[in-house]
Every structure is written in structure tokens, then in C-alpha cells.
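Chemist: If it helps, the file is called data_5.txt and holds compact mmCIF, C-alpha atoms (C1' of nucleotides):
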# COMPACT_ATOMS: atom_id res chain seq x y z
CA MET A 7 21.30 12.46 30.95
CA ASN A 8 21.72 11.15 27.43
CA ASN A 9 20.32 13.04 24.47
CA LEU A 10 18.72 11.48 21.44
CA ALA A 11 17.40 13.19 18.33
CA ILE A 12 15.12 11.21 16.05
CA LEU A 13 14.11 11.87 12.49
CA ILE A 14 11.21 9.97 10.98
CA GLY A 15 9.26 10.19 7.74
CA PRO A 16 7.95 8.02 4.95
CA THR A 17 10.20 6.52 2.33
CA ALA A 18 11.41 9.01 -0.27
CA SER A 19 10.57 12.01 1.90
CA GLY A 20 14.18 13.14 2.15
CA LYS A 21 15.31 11.75 5.50
CA THR A 22 18.83 10.94 4.39
CA ALA A 23 19.74 14.38 3.10
CA LEU A 24 18.12 16.14 6.03
CA ALA A 25 19.92 13.87 8.46
CA ILE A 26 23.28 14.78 6.97
CA ALA A 27 22.49 18.48 7.21
CA ILE A 28 21.41 18.14 10.84
CA ALA A 29 24.46 16.04 11.64
CA LYS A 30 26.79 18.64 10.20
CA ALA A 31 25.08 21.46 12.02
CA LEU A 32 24.89 19.75 15.40
CA ASN A 33 27.85 17.38 15.45
CA CYS A 34 25.82 14.18 15.26
CA GLU A 35 26.45 10.56 14.53
CA VAL A 36 23.67 8.87 12.65
CA ILE A 37 22.03 5.63 13.76
CA SER A 38 20.04 4.00 10.99
CA GLY A 39 16.61 2.77 12.01
CA ASP A 40 15.86 1.09 8.75
CA SER A 41 15.14 -2.62 8.79
CA MET A 42 16.59 -3.19 5.31
CA GLN A 43 19.76 -1.12 5.46
CA PHE A 44 21.25 -3.47 8.02
CA TYR A 45 22.03 -5.84 5.17
CA ARG A 46 25.14 -5.86 3.05
CA HIS A 47 24.92 -6.00 -0.75
CA MET A 48 21.51 -4.37 -0.68
CA ASP A 49 22.29 -0.78 -1.54
CA ILE A 50 20.28 0.41 -4.50
CA GLY A 51 16.93 -1.09 -3.56
CA THR A 52 17.17 0.19 -0.01
CA ALA A 53 18.31 3.67 -1.09
CA LYS A 54 21.16 3.29 1.35
CA VAL A 55 23.34 6.36 1.97
CA THR A 56 26.47 6.09 -0.12
CA PRO A 57 29.86 6.75 1.52
CA TRP A 58 30.06 9.89 -0.61
CA GLU A 59 26.70 11.15 0.63
CA GLN A 60 27.70 10.54 4.24
CA GLU A 61 30.15 13.43 3.98
CA GLY A 62 32.24 12.05 6.77
CA ILE A 63 29.37 11.76 9.24
CA PRO A 64 29.61 8.43 11.08
CA HIS A 65 26.70 6.13 10.28
CA HIS A 66 25.85 3.16 12.45
CA LEU A 67 23.87 -0.03 11.92
CA ILE A 68 24.31 -0.05 8.17
CA ASP A 69 25.87 -3.11 6.52
CA ILE A 70 26.08 -5.07 9.72
CA ARG A 71 24.55 -8.37 8.55
CA ASN A 72 24.58 -10.60 5.53
CA PRO A 73 21.19 -11.12 3.93
CA ASP A 74 20.88 -14.60 5.40
CA GLU A 75 21.66 -13.48 8.96
CA SER A 76 18.84 -12.45 11.21
CA TYR A 77 18.61 -9.11 12.90
CA THR A 78 15.46 -8.38 14.84
CA VAL A 79 13.85 -5.43 16.58
CA ALA A 80 15.17 -6.68 19.87
CA ASP A 81 18.72 -6.86 18.50
CA PHE A 82 18.28 -3.38 17.13
CA GLN A 83 17.00 -2.02 20.41
CA LYS A 84 19.99 -3.37 22.28
CA ASP A 85 22.48 -2.00 19.74
CA CYS A 86 20.76 1.34 19.53
CA TYR A 87 20.71 1.87 23.29
CA ARG A 88 24.40 1.02 23.40
CA LEU A 89 25.18 3.47 20.61
CA VAL A 90 23.21 6.27 22.22
CA GLU A 91 25.32 5.79 25.30
CA GLU A 92 28.61 5.72 23.41
CA ILE A 93 27.88 8.69 21.19
CA ASN A 94 26.84 10.81 24.12
CA GLN A 95 30.05 9.87 25.88
CA ARG A 96 31.96 11.15 22.89
CA GLY A 97 30.27 14.47 23.45
CA LYS A 98 28.20 14.12 20.29
CA LEU A 99 24.50 13.89 19.59
CA PRO A 100 23.04 10.61 18.33
CA LEU A 101 20.54 11.06 15.51
CA LEU A 102 18.28 8.09 14.93
CA VAL A 103 16.93 8.16 11.39
CA GLY A 104 14.09 5.80 10.94
CA GLY A 105 11.99 4.44 8.22
CA THR A 106 10.94 1.42 10.23
CA ALA A 107 8.41 2.68 12.71
CA LEU A 108 8.32 -0.43 14.85
CA TYR A 109 12.04 -0.09 15.46
CA VAL A 110 11.82 3.58 16.34
CA LYS A 111 8.87 2.97 18.64
CA ALA A 112 10.79 0.16 20.28
CA ILE A 113 13.39 2.76 21.20
CA ILE A 114 11.33 5.75 22.22
CA ASP A 115 8.71 3.74 24.10
CA GLY A 116 11.15 1.15 25.36
CA TYR A 117 9.23 -1.93 24.30
CA THR A 118 9.97 -4.80 26.63
CA PHE A 119 10.46 -7.85 24.50
CA SER A 120 9.89 -11.27 25.95
CA ARG A 121 13.21 -12.51 27.25
CA GLU A 122 13.56 -16.12 26.38
CA THR A 123 11.79 -16.30 23.08
CA PRO A 124 13.56 -15.03 20.01
CA GLY A 125 11.95 -16.02 16.75
CA ASN A 126 12.22 -19.66 15.86
CA ASP A 127 11.82 -20.38 12.17
CA GLY A 128 11.31 -24.08 12.74
CA PHE A 129 8.45 -23.47 15.12
CA ARG A 130 6.88 -20.96 12.78
CA ARG A 131 7.08 -23.22 9.79
CA ALA A 132 5.66 -26.14 11.74
CA LYS A 133 2.76 -24.03 13.02
CA ALA A 134 1.96 -22.73 9.57
CA GLU A 135 1.96 -26.28 8.22
CA GLU A 136 -0.17 -27.51 11.07
CA ALA A 137 -2.86 -25.06 10.01
CA VAL A 138 -2.91 -26.16 6.38
CA GLY A 139 -6.19 -27.80 5.54
CA GLN A 140 -7.74 -26.87 8.87
CA ALA A 141 -10.86 -24.78 9.18
CA PRO A 142 -10.35 -21.01 9.19
CA GLY A 143 -9.49 -19.72 12.63
CA TYR A 144 -7.71 -22.94 13.64
CA LEU A 145 -4.62 -21.20 15.02
CA TYR A 146 -6.64 -18.32 16.36
CA ARG A 147 -8.66 -20.70 18.49
CA GLN A 148 -5.45 -22.12 19.92
CA LEU A 149 -4.39 -18.61 20.85
CA LEU A 150 -7.75 -17.82 22.41
CA ALA A 151 -7.21 -20.78 24.69
CA VAL A 152 -3.74 -19.82 25.91
CA ASP A 153 -3.63 -16.04 25.64
CA PRO A 154 -7.07 -14.50 25.24
CA ALA A 155 -5.71 -11.02 25.92
CA ALA A 156 -3.33 -11.25 22.97
CA ALA A 157 -6.03 -12.82 20.82
CA ALA A 158 -8.29 -9.88 21.53
CA ARG A 159 -5.76 -7.56 19.94
CA ILE A 160 -4.94 -9.72 16.93
CA SER A 161 -7.14 -10.26 13.90
CA PRO A 162 -8.22 -13.91 13.42
CA GLU A 163 -6.69 -13.72 9.95
CA ASP A 164 -3.32 -12.37 11.00
CA ASN A 165 -1.44 -15.64 11.08
CA LYS A 166 1.99 -14.13 11.52
CA ARG A 167 1.02 -12.43 14.75
CA ILE A 168 -0.99 -15.41 15.91
CA ILE A 169 1.97 -17.71 15.36
CA ARG A 170 4.31 -15.36 17.17
CA ALA A 171 1.98 -15.17 20.16
CA LEU A 172 1.71 -18.95 20.24
CA GLU A 173 5.46 -19.21 19.94
CA VAL A 174 6.02 -16.95 22.93
CA TYR A 175 3.56 -18.87 25.04
CA GLU A 176 4.78 -22.32 24.09
CA LYS A 177 8.48 -21.52 24.43
CA SER A 178 8.36 -19.45 27.60
CA GLY A 179 5.20 -20.56 29.29
CA VAL A 180 4.23 -16.93 29.73
CA PRO A 181 1.61 -15.33 27.48
CA LEU A 182 2.84 -12.64 25.13
CA SER A 183 0.27 -10.26 26.54
CA ALA A 184 1.86 -10.62 29.97
CA GLN A 185 5.33 -9.77 28.68
CA ALA A 186 4.75 -6.95 26.24
CA GLY A 187 5.13 -3.69 28.08
CA LYS A 188 6.96 -0.39 27.97
CA ASN A 189 10.03 0.84 29.75
CA PRO A 190 11.08 4.07 28.04
CA PRO A 191 14.77 4.95 28.29
CA PRO A 192 15.67 7.99 30.40
CA TYR A 193 16.81 10.09 27.46
CA ARG A 194 16.12 13.66 26.59
CA MET A 195 14.47 13.03 23.22
CA VAL A 196 13.48 15.21 20.28
CA LEU A 197 11.35 13.69 17.59
CA LEU A 198 11.23 15.33 14.18
CA GLY A 199 9.04 14.19 11.30
CA ILE A 200 9.05 15.12 7.65
CA ARG A 201 5.64 15.89 6.23
CA MET A 202 4.98 15.94 2.52
CA ASP A 203 1.93 16.41 0.33
CA ARG A 204 0.61 12.95 -0.57
CA ALA A 205 0.55 13.43 -4.33
CA GLU A 206 4.06 14.84 -4.17
CA LEU A 207 5.23 11.91 -2.06
CA TYR A 208 3.87 9.46 -4.62
CA ARG A 209 5.58 11.32 -7.44
CA LYS A 210 8.85 11.13 -5.53
CA ILE A 211 8.39 7.42 -5.00
CA ASP A 212 7.78 6.76 -8.69
CA GLN A 213 10.79 8.87 -9.53
CA ARG A 214 12.99 7.10 -7.03
CA VAL A 215 12.04 3.68 -8.39
CA GLU A 216 12.94 4.84 -11.89
CA GLU A 217 16.29 6.00 -10.55
CA MET A 218 16.88 2.65 -8.88
CA MET A 219 16.38 0.96 -12.22
CA VAL A 220 18.84 3.31 -13.89
CA ASN A 221 21.30 2.75 -11.05
CA GLY A 222 21.25 -0.99 -11.60
CA LEU A 223 18.72 -2.56 -9.28
CA GLU A 224 18.39 -5.46 -11.69
CA ASN A 225 22.09 -6.26 -11.42
CA GLU A 226 22.07 -5.86 -7.69
CA VAL A 227 19.34 -8.48 -7.38
CA LYS A 228 21.05 -10.73 -9.91
CA ASN A 229 24.23 -10.58 -7.85
CA LEU A 230 22.38 -11.39 -4.64
CA LEU A 231 20.80 -14.41 -6.26
CA ALA A 232 24.17 -15.45 -7.69
CA MET A 233 25.67 -15.23 -4.20
CA GLY A 234 23.08 -17.74 -3.10
CA TYR A 235 20.74 -15.36 -1.32
CA GLY A 236 17.40 -16.78 -2.37
CA ARG A 237 13.98 -15.29 -2.52
CA ASN A 238 12.90 -16.98 0.70
CA LEU A 239 15.20 -14.81 2.82
CA LYS A 240 13.50 -11.98 4.69
CA PRO A 241 15.42 -9.13 3.14
CA MET A 242 14.88 -10.61 -0.30
CA GLN A 243 11.18 -10.07 0.27
CA GLY A 244 11.74 -6.37 0.70
CA LEU A 245 10.45 -3.81 -1.74
CA GLY A 246 12.22 -3.99 -5.04
CA TYR A 247 13.95 -7.28 -4.29
CA ARG A 248 10.80 -9.38 -4.28
CA GLN A 249 9.51 -7.97 -7.56
CA MET A 250 12.87 -8.02 -9.30
CA THR A 251 13.35 -11.64 -8.34
CA ALA A 252 9.98 -12.44 -9.85
CA TYR A 253 11.08 -10.69 -13.03
CA LEU A 254 14.42 -12.51 -13.13
CA THR A 255 12.71 -15.86 -12.80
CA GLY A 256 10.36 -15.02 -15.64
CA GLU A 257 7.20 -14.61 -13.58
CA LEU A 258 6.75 -10.93 -14.41
CA SER A 259 7.63 -8.65 -17.28
CA LEU A 260 10.09 -5.92 -16.45
CA LYS A 261 7.40 -3.28 -16.79
CA ASP A 262 5.04 -5.14 -14.48
CA ALA A 263 7.81 -5.60 -11.94
CA VAL A 264 8.65 -1.91 -11.94
CA ASP A 265 4.98 -0.92 -11.72
CA LEU A 266 4.55 -3.28 -8.78
CA ILE A 267 7.57 -1.85 -6.98
CA LYS A 268 6.04 1.61 -7.33
CA ARG A 269 2.64 0.52 -6.16
CA ASP A 270 3.91 -1.53 -3.23
CA THR A 271 6.17 1.31 -2.17
CA ARG A 272 3.20 3.70 -2.17
CA HIS A 273 1.28 1.27 0.00
CA PHE A 274 4.27 1.02 2.30
CA ALA A 275 4.57 4.79 2.61
CA LYS A 276 0.90 4.99 3.50
CA ARG A 277 1.38 2.44 6.27
CA GLN A 278 4.39 4.33 7.57
CA LEU A 279 2.23 7.43 7.88
CA THR A 280 -0.32 5.55 9.95
CA TRP A 281 2.23 4.92 12.66
CA TRP A 282 2.90 8.57 13.30
CA ARG A 283 -0.25 10.41 12.33
CA ARG A 284 -1.57 10.68 15.83
CA GLU A 285 1.76 10.69 17.62
CA GLU A 286 1.75 13.93 19.57
CA ARG A 287 5.48 13.87 20.30
CA VAL A 288 6.42 14.47 16.66
CA HIS A 289 7.41 17.96 15.62
CA TRP A 290 6.49 18.10 11.93
CA LEU A 291 8.62 19.81 9.32
CA ASP A 292 7.25 20.63 5.91
CA ALA A 293 9.32 18.98 3.17
CA ALA A 294 8.45 21.84 0.86
CA SER A 295 9.98 24.43 3.15
CA PRO A 296 13.16 25.91 1.69
CA ASN A 297 14.54 26.35 5.21
CA ILE A 298 13.82 22.86 6.46
CA LYS A 299 17.44 22.22 7.43
CA GLU A 300 17.67 25.34 9.55
CA GLU A 301 14.26 24.67 11.08
CA ALA A 302 15.28 21.17 12.03
CA ALA A 303 18.56 22.22 13.60
CA SER A 304 17.11 25.13 15.48
CA TYR A 305 14.25 23.08 16.86
CA ILE A 306 16.69 20.49 18.18
CA ARG A 307 18.88 23.19 19.72
CA GLN A 308 15.87 24.69 21.38
CA GLN A 309 14.71 21.36 22.80
CA LEU A 310 18.18 20.22 23.86
CA PRO A 311 19.76 23.46 25.05
CA GLU A 312 22.82 21.84 26.57
CA ILE A 313 24.21 20.32 23.38
C1' G B 29 -20.37 5.26 -46.65
C1' C B 30 -22.25 0.39 -44.84
C1' C B 31 -22.03 -3.71 -41.19
C1' U B 32 -20.62 -5.60 -36.35
C1' U B 33 -19.32 -5.01 -31.27
C1' G B 34 -18.74 -1.83 -27.37
C1' G B 35 -19.67 2.96 -24.36
C1' U B 36 -21.70 1.35 -16.41
C1' A B 37 -16.93 3.90 -10.17
C1' G B 38 -10.20 6.98 -11.42
C1' C B 39 -8.96 1.97 -14.52
C1' U B 40 -10.57 -3.14 -16.30
C1' C B 41 -15.15 -5.13 -16.48
C1' A B 42 -19.84 -7.82 -14.44
C1' G B 43 -25.06 -7.02 -14.05
C1' U B 44 -30.19 -5.43 -14.10
C1' C B 45 -35.66 -11.51 -18.28
C1' G B 46 -37.88 -3.03 -17.01
C1' G B 47 -38.43 -1.43 -10.30
C1' U B 48 -31.90 3.81 -10.58
C1' A B 49 -26.25 -1.25 -9.84
C1' G B 50 -21.33 -4.47 -7.93
C1' A B 51 -16.42 -7.02 -8.28
C1' G B 52 -11.05 -6.70 -8.93
C1' C B 53 -7.35 -3.04 -9.16
C1' A B 54 -6.26 2.08 -7.99
C1' G B 55 -7.35 5.36 -3.93
C1' G B 56 -8.59 6.42 1.47
C1' G B 57 -8.62 5.04 6.85
C1' G B 58 -6.80 1.74 10.71
C1' A B 59 -3.95 -2.08 13.60
C1' C B 60 1.03 -3.14 14.78
C1' U B 61 5.97 -5.58 21.17
C1' G B 62 11.89 -10.67 18.62
C1' A B 63 9.43 -11.92 10.25
C1' A B 64 7.76 -5.22 10.24
C1' A B 65 9.93 -2.80 3.16
C1' A B 66 6.46 -8.21 6.68
C1' U B 67 1.40 -9.35 8.17
C1' C B 68 -3.68 -8.12 8.85
C1' C B 69 -8.63 -5.30 9.19
C1' C B 70 -12.33 -1.60 7.38
C1' C B 71 -14.33 1.86 3.39
C1' G B 72 -17.96 1.31 -3.29
C1' U B 73 -23.90 6.88 -5.61
C1' G B 74 -21.81 6.45 -10.14
C1' U B 75 -26.07 12.35 -15.14
C1' C B 76 -25.17 3.19 -16.11
C1' G B 77 -22.49 8.03 -23.65
C1' G B 78 -26.51 11.86 -25.38
C1' U B 79 -31.46 12.59 -26.80
C1' G B 80 -36.47 11.35 -28.04
C1' G B 81 -40.23 7.29 -27.64
C1' U B 82 -43.04 3.07 -25.31
C1' U B 83 -44.31 2.31 -20.02
C1' C B 84 -47.04 3.54 -13.63
C1' A B 85 -41.61 3.02 -13.97
C1' A B 86 -35.98 2.93 -18.78
C1' U B 87 -29.28 2.25 -17.14
C1' U B 88 -32.18 -2.12 -19.08
C1' C B 89 -36.83 -2.27 -24.72
C1' C B 90 -37.23 0.83 -29.53
C1' G B 91 -35.56 5.16 -32.81
C1' C B 92 -31.98 8.76 -33.87
C1' C B 93 -27.27 11.09 -32.67
C1' C B 94 -22.13 11.14 -30.72
C1' C B 95 -17.58 8.44 -29.55
C1' A B 96 -14.22 3.98 -29.83
C1' A B 97 -12.51 -0.68 -31.86
C1' G B 98 -12.89 -4.28 -35.73
C1' G B 99 -14.75 -5.75 -40.59
C1' C B 100 -16.58 -4.65 -45.72
C1' A B 101 -15.80 -1.29 -49.43
Taking this structure as input, can you express it in the form of C-alpha cells?
Modeler:
Amino acid sequence: MNNLAILIGPTASGKTALAIAIAKALNCEVISGDSMQFYRHMDIGTAKVTPWEQEGIPHHLIDIRNPDESYTVADFQKDCYRLVEEINQRGKLPLLVGGTALYVKAIIDGYTFSRETPGNDGFRRAKAEEAVGQAPGYLYRQLLAVDPAAAARISPEDNKRIIRALEVYEKSGVPLSAQAGKNPPPYRMVLLGIRMDRAELYRKIDQRVEEMMVNGLENEVKNLLAMGYGRNLKPMQGLGYRQMTAYLTGELSLKDAVDLIKRDTRHFAKRQLTWWRREERVHWLDAASPNIKEEAASYIRQQLPEI
RNA sequence: GCCUUGGUAGCUCAGUCGGUAGAGCAGGGGACUGAAAAUCCCCGUGUCGGUGGUUCAAUUCCGCCCCAAGGCA
């Protein structure tokens, strides 16, 4: 049976460093579960592990797409399952390190994505335009008609989810609610989470944003724009990139842009916490503990005795 | 020293023609199945600067005091 260790925690909580320590102690290869680190040329704003920091530990699913190439949860799930297999075959332990909770959940719960309906930008744009000028709830009423079960779980204001549900129905003929299920992989899994005092977390976030500025976030975004990667691309709407683009086009002062990055990152961290707060499978480690590395490694050893 | 304008939620401010007050932001909680660092939902009691007075009733009107900003000297 394949083993899989997973490390989760909000942004700036210290996942990267802890992952390296665990990997060295337990002979791991790291699989990145971060929806922004898939993209090349986006290093500073995503706080991507540098080659130096990797200390020779293999890292997967980093720098695998250009910013204008799509890479979805379903793609990730497929790649991650494959990697878990391969790494186990090498006699090593895969360590999934995730900031993007949806992606990690897709792995550990085995989300079953609808087969024939990958995202279709054309459809989405057309749907969004169709709703312009219509009464509120226009798209939601369409969804109620074709997939009431999905509609019941989606807010009438949440147009992105409404459009996706309509997309699945119209492209496949099968309601989203009838396709979305779970099929967890038969792995022996250990799930570790980093817990940090909220005020401390927010201080770390502010500090990290300042460091990104010193490290040249502005130039990184300038280069992306110069390469032709515009603000409409998904990864360019990520934290740091969106606000810096607004600064570079003169819509924000530098100070306002930096303040917004900090604020939006705090909001993001808060949302990340919501995903895991009541997840009983997580074994929480205190970020303030001086022995966190040893605690992490020994917990994994204890849960996966045969590694 | 005098004049003016302010002092209301953590911040910026609105408001009460006298019946103890509400927005935005911050902050908190939640949802999440092919955009997810995205998207969306819910949560507002605070000596209304202090102190006297008028009044059945003052955060609101009046006096004095304190603080801040601007102006005149």
C-alpha cells in the first residue's frame, strides 16, 4: 500500500522549511500542492522554494506551466496520484505540501470530477455576458431549473459556481450534483497541520510581503507583463500580482498596493484556516514549538511504521 | 491669548428638528468538486470627549473645562 504524508497550513506559517526538514529526516520527495507555484516566472510573489532552499530534496509540480497555460485541480489530482505511485516505488515517502486546500482535499478525499467537462472559457464568458443587465438571480434561476440540488448548495450571488454548474450540465447533460462524489485513494495517509497564533500569523504575513518587495516583486511583475502575460490571466490575479499590476498601470500608489497585498493575504490566510478547522484527520503542530521538526518526523514515523 | 471647526465602533465618518445610534474599512465566523492566492454568505452596544444646567427625558439644546486641527495675533 502506498504511503502519503501531507503538510498543510496557512500562508507564511512555515510549511516550506518544515517540509525540507521532514524530507531530510524521512527520505521524502516533495509534491507541491500550491495553485500558484505551478507557474514559471512567478517566484517571489508565490514565495516559491528556491533551488538553494530545496537542499537537494526533489520537488515536484513546481514550474510546470507558463502563466498563460491552464492547470486545474483535476490535472493536479491526476499528476499527484501518479507521483505518489512513482515515489513509493522508489522506496521513498511522498510529502504533499499544500497551501491550496481544494487541491489537497481533492487528493485525500478523492474528489470525482465530472469527466467530460473541463472548464471552457468561452462558455463562461458567454454566460457572464448573458447575465449582464438581467435581473439579479438570472443565472441562479437557470440553475434551479436544471440542477436544483447544486443550486441548493450554491449562493444565488456566487456567479462563478453557478456558471460552472451550468457549464457541467450543458456540456455533459448530467447535473454537477450527480457527478461530484468522493473516491478516496487507498493510501496510508498522515496529515500534519501547522498551527500559529493569529496575531503572530498576521505579523509574519506583513513581514513576508515587505521581504517580497525587497526581493524585487515589482520587477518580477514588470517582467511578466513585458513577456506578454497580462492581468487577465488567472495567475496574474494571484496575491501580489494583481495589486502590483494595478500599481504599475498607475491605478494605485505603491504604498496602497503593498497595504492591499498584506490585507488580501490576511484574508486569504483566514479562508485557508476555515478549510481545516474542523477537519479531524489533521494532527496539529504548534509553530512556536522549538522541536516542531522532530515532532513532525516522529509523528509520521509513528503513523507509518513501515517507512 | 482670541476666533473657527471638530471630538460618535479598532480606523474614517454619517446621524439623532431632544426619546441612548449606523455605514464603509479593519476584525471575527462560514461555504467551497475542472477559475480556488478565485468566488460567495453571515456577524455592528459604543461611558456618542468631560462636567454642570434646562427638561419627564440630553449623545442631541445651553454654560464651563479638556484635547486636536486651522486662522488671527
Chemist: Atom CA of Glu75 of chain A to atom CA of Asp49 of chain A: how many Å, to one decimal?
Modeler: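 Distance reported for this atom pair: 16.5 Å.
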Chemist: Could you produce a table of the residues of chain B lying within 10 Å of chain A, with the nearest pair of atoms per residue and their separation in Å rounded to one decimal, using all atoms listed in the file, ordered by chain and increasing residue number, as a Markdown table?
Modeler:
| residue | atom | partner | partner_atom | distance |
| --- | --- | --- | --- | --- |
| B:A54 | C1' | A:Arg269 | CA | 9.2 |
| B:G56 | C1' | A:Lys276 | CA | 9.8 |
| B:G57 | C1' | A:Thr280 | CA | 8.9 |
| B:G58 | C1' | A:Thr280 | CA | 7.6 |
| B:A59 | C1' | A:Ile160 | CA | 8.4 |
| B:C60 | C1' | A:Leu108 | CA | 7.8 |
| B:U61 | C1' | A:Ala186 | CA | 5.4 |
| B:G62 | C1' | A:Pro124 | CA | 4.9 |
| B:A63 | C1' | A:Lys240 | CA | 6.9 |
| B:A64 | C1' | A:Leu108 | CA | 6.7 |
| B:A65 | C1' | A:Gly244 | CA | 4.7 |
| B:A66 | C1' | A:Gln243 | CA | 8.2 |
| B:U67 | C1' | A:Lys166 | CA | 5.9 |
| B:C68 | C1' | A:Asp164 | CA | 4.8 |
| B:C69 | C1' | A:Ser161 | CA | 7.0 |
Chemist: Taking all atoms of segment 10-26 of chain A that the file lists and extending 3 Å past them on each side, where is the centre of the axis-aligned box and how long are its edges? Answer in Å to one decimal, as JSON.
Modeler:
{"center_x": 15.6, "center_y": 11.3, "center_z": 10.6, "size_x": 21.3, "size_y": 15.6, "size_z": 27.7}
Chemist: Could you tell me how far atom CA of Gly128 of chain A sits from atom CA of Ala157 of chain A, in Å to one decimal place?
Modeler: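 So the answer is 22.2 Å.
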Chemist: Smallest atom-to-atom distance to U82 of chain B: which of B:G46, B:G38, B:G55, B:G29, using all atoms listed in the file?
Modeler: B:G46
Chemist: Record the distance separating atom CA of Thr22 of chain A and atom CA of Ser304 of chain A, expressed in Å with one decimal.
Modeler: 18.1 Å
Chemist: Would you pick out the contacts of G78 of chain B at 12 Å or less, using only C-alpha atoms (C1' of nucleotides), so that residues sharing its chain but fewer than 4 positions from it are not included, and give the list as a list in words?
Modeler: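 The filter keeps G35, C92, C93, C94 and C95 of chain B.
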Chemist: Counting all atoms listed in the file, figure out which residue out of A:Glu286, A:Val103, A:Ala184, A:Ala132 gets nearest to Pro154 of chain A.
Modeler: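 Of the candidates, the smallest distance to Pro154 of chain A is held by A:Ala184.
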Chemist: Just the residues within 12 Å of segment 39-42 of chain B, please, counting all atoms listed in the file, with nothing from its chain fewer than 2 positions along; format it as a list in words.
Modeler: G34, U36, A37, U44, A49, G50, A51, G52, C53, A54 and G55 of chain B
Chemist: Using only C-alpha atoms (C1' of nucleotides), which of B:G43, B:U87, B:A96, B:A101 sits nearest U75 of chain B?
Modeler: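 Closest to U75 of chain B of all the choices is B:U87.
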Chemist: Pick out the residues sitting within 9 Å of Leu89 of chain A, and hand them over as a PyMOL selection string; count all atoms listed in the file, and ignore anything fewer than 5 positions along from it in its own chain.
Modeler: chain A and resi 37+66+84+94+100
Chemist: Could the residues in this selection be written to a file with C-alpha atoms, as a compact mmCIF listing (two decimals), in the frame of the given file?
Modeler:
# COMPACT_ATOMS: atom_id res chain seq x y z
CA ILE A 37 22.03 5.63 13.76
CA HIS A 66 25.85 3.16 12.45
CA LYS A 84 19.99 -3.37 22.28
CA ASN A 94 26.84 10.81 24.12
CA PRO A 100 23.04 10.61 18.33
Chemist: Excluding Leu101 of chain A and any residue of its chain fewer than 4 positions from it, enumerate the residues within 12 Å of it, using all atoms listed in the file, and give them as a PyMOL selection string.
Modeler: chain A and resi 8-14+21-22+24-39+63-66+86+89-90+93-94+110+195-198+302-303+306
Chemist: Skipping near chain neighbours, those fewer than 5 positions away, what residues fall within 12 Å of C31 of chain B using only C-alpha atoms (C1' of nucleotides), listed as a ChimeraX atom specification?
Modeler: /B:98-101
Chemist: Please reconstruct the missing atoms of segment 30-42 of chain A (target: N, CA and C atoms) and return them as a compact mmCIF listing (two decimals), keeping the file's coordinate frame.
Modeler:
# COMPACT_ATOMS: atom_id res chain seq x y z
N LYS A 30 25.71 17.67 10.38
CA LYS A 30 26.79 18.64 10.20
C LYS A 30 26.59 19.86 11.09
N ALA A 31 25.35 20.27 11.23
CA ALA A 31 25.08 21.46 12.02
C ALA A 31 25.25 21.21 13.52
N LEU A 32 24.94 20.00 13.96
CA LEU A 32 24.89 19.75 15.40
C LEU A 32 25.87 18.68 15.88
N ASN A 33 26.84 18.35 15.03
CA ASN A 33 27.85 17.38 15.45
C ASN A 33 27.24 16.04 15.89
N CYS A 34 26.51 15.44 14.95
CA CYS A 34 25.82 14.18 15.26
C CYS A 34 26.54 12.97 14.67
N GLU A 35 26.20 11.81 15.21
CA GLU A 35 26.45 10.56 14.53
C GLU A 35 25.09 9.95 14.26
N VAL A 36 24.96 9.38 13.07
CA VAL A 36 23.67 8.87 12.65
C VAL A 36 23.52 7.38 12.99
N ILE A 37 22.37 7.04 13.54
CA ILE A 37 22.03 5.63 13.76
C ILE A 37 20.88 5.31 12.81
N SER A 38 21.08 4.34 11.95
CA SER A 38 20.04 4.00 10.99
C SER A 38 18.96 3.15 11.65
N GLY A 39 17.74 3.55 11.49
CA GLY A 39 16.61 2.77 12.01
C GLY A 39 15.80 2.23 10.86
N ASP A 40 16.50 1.58 9.96
CA ASP A 40 15.86 1.09 8.75
C ASP A 40 16.10 -0.41 8.65
N SER A 41 15.03 -1.17 8.67
CA SER A 41 15.14 -2.62 8.79
C SER A 41 15.78 -3.29 7.58
N MET A 42 16.00 -2.57 6.49
CA MET A 42 16.59 -3.19 5.31
C MET A 42 18.05 -2.77 5.11
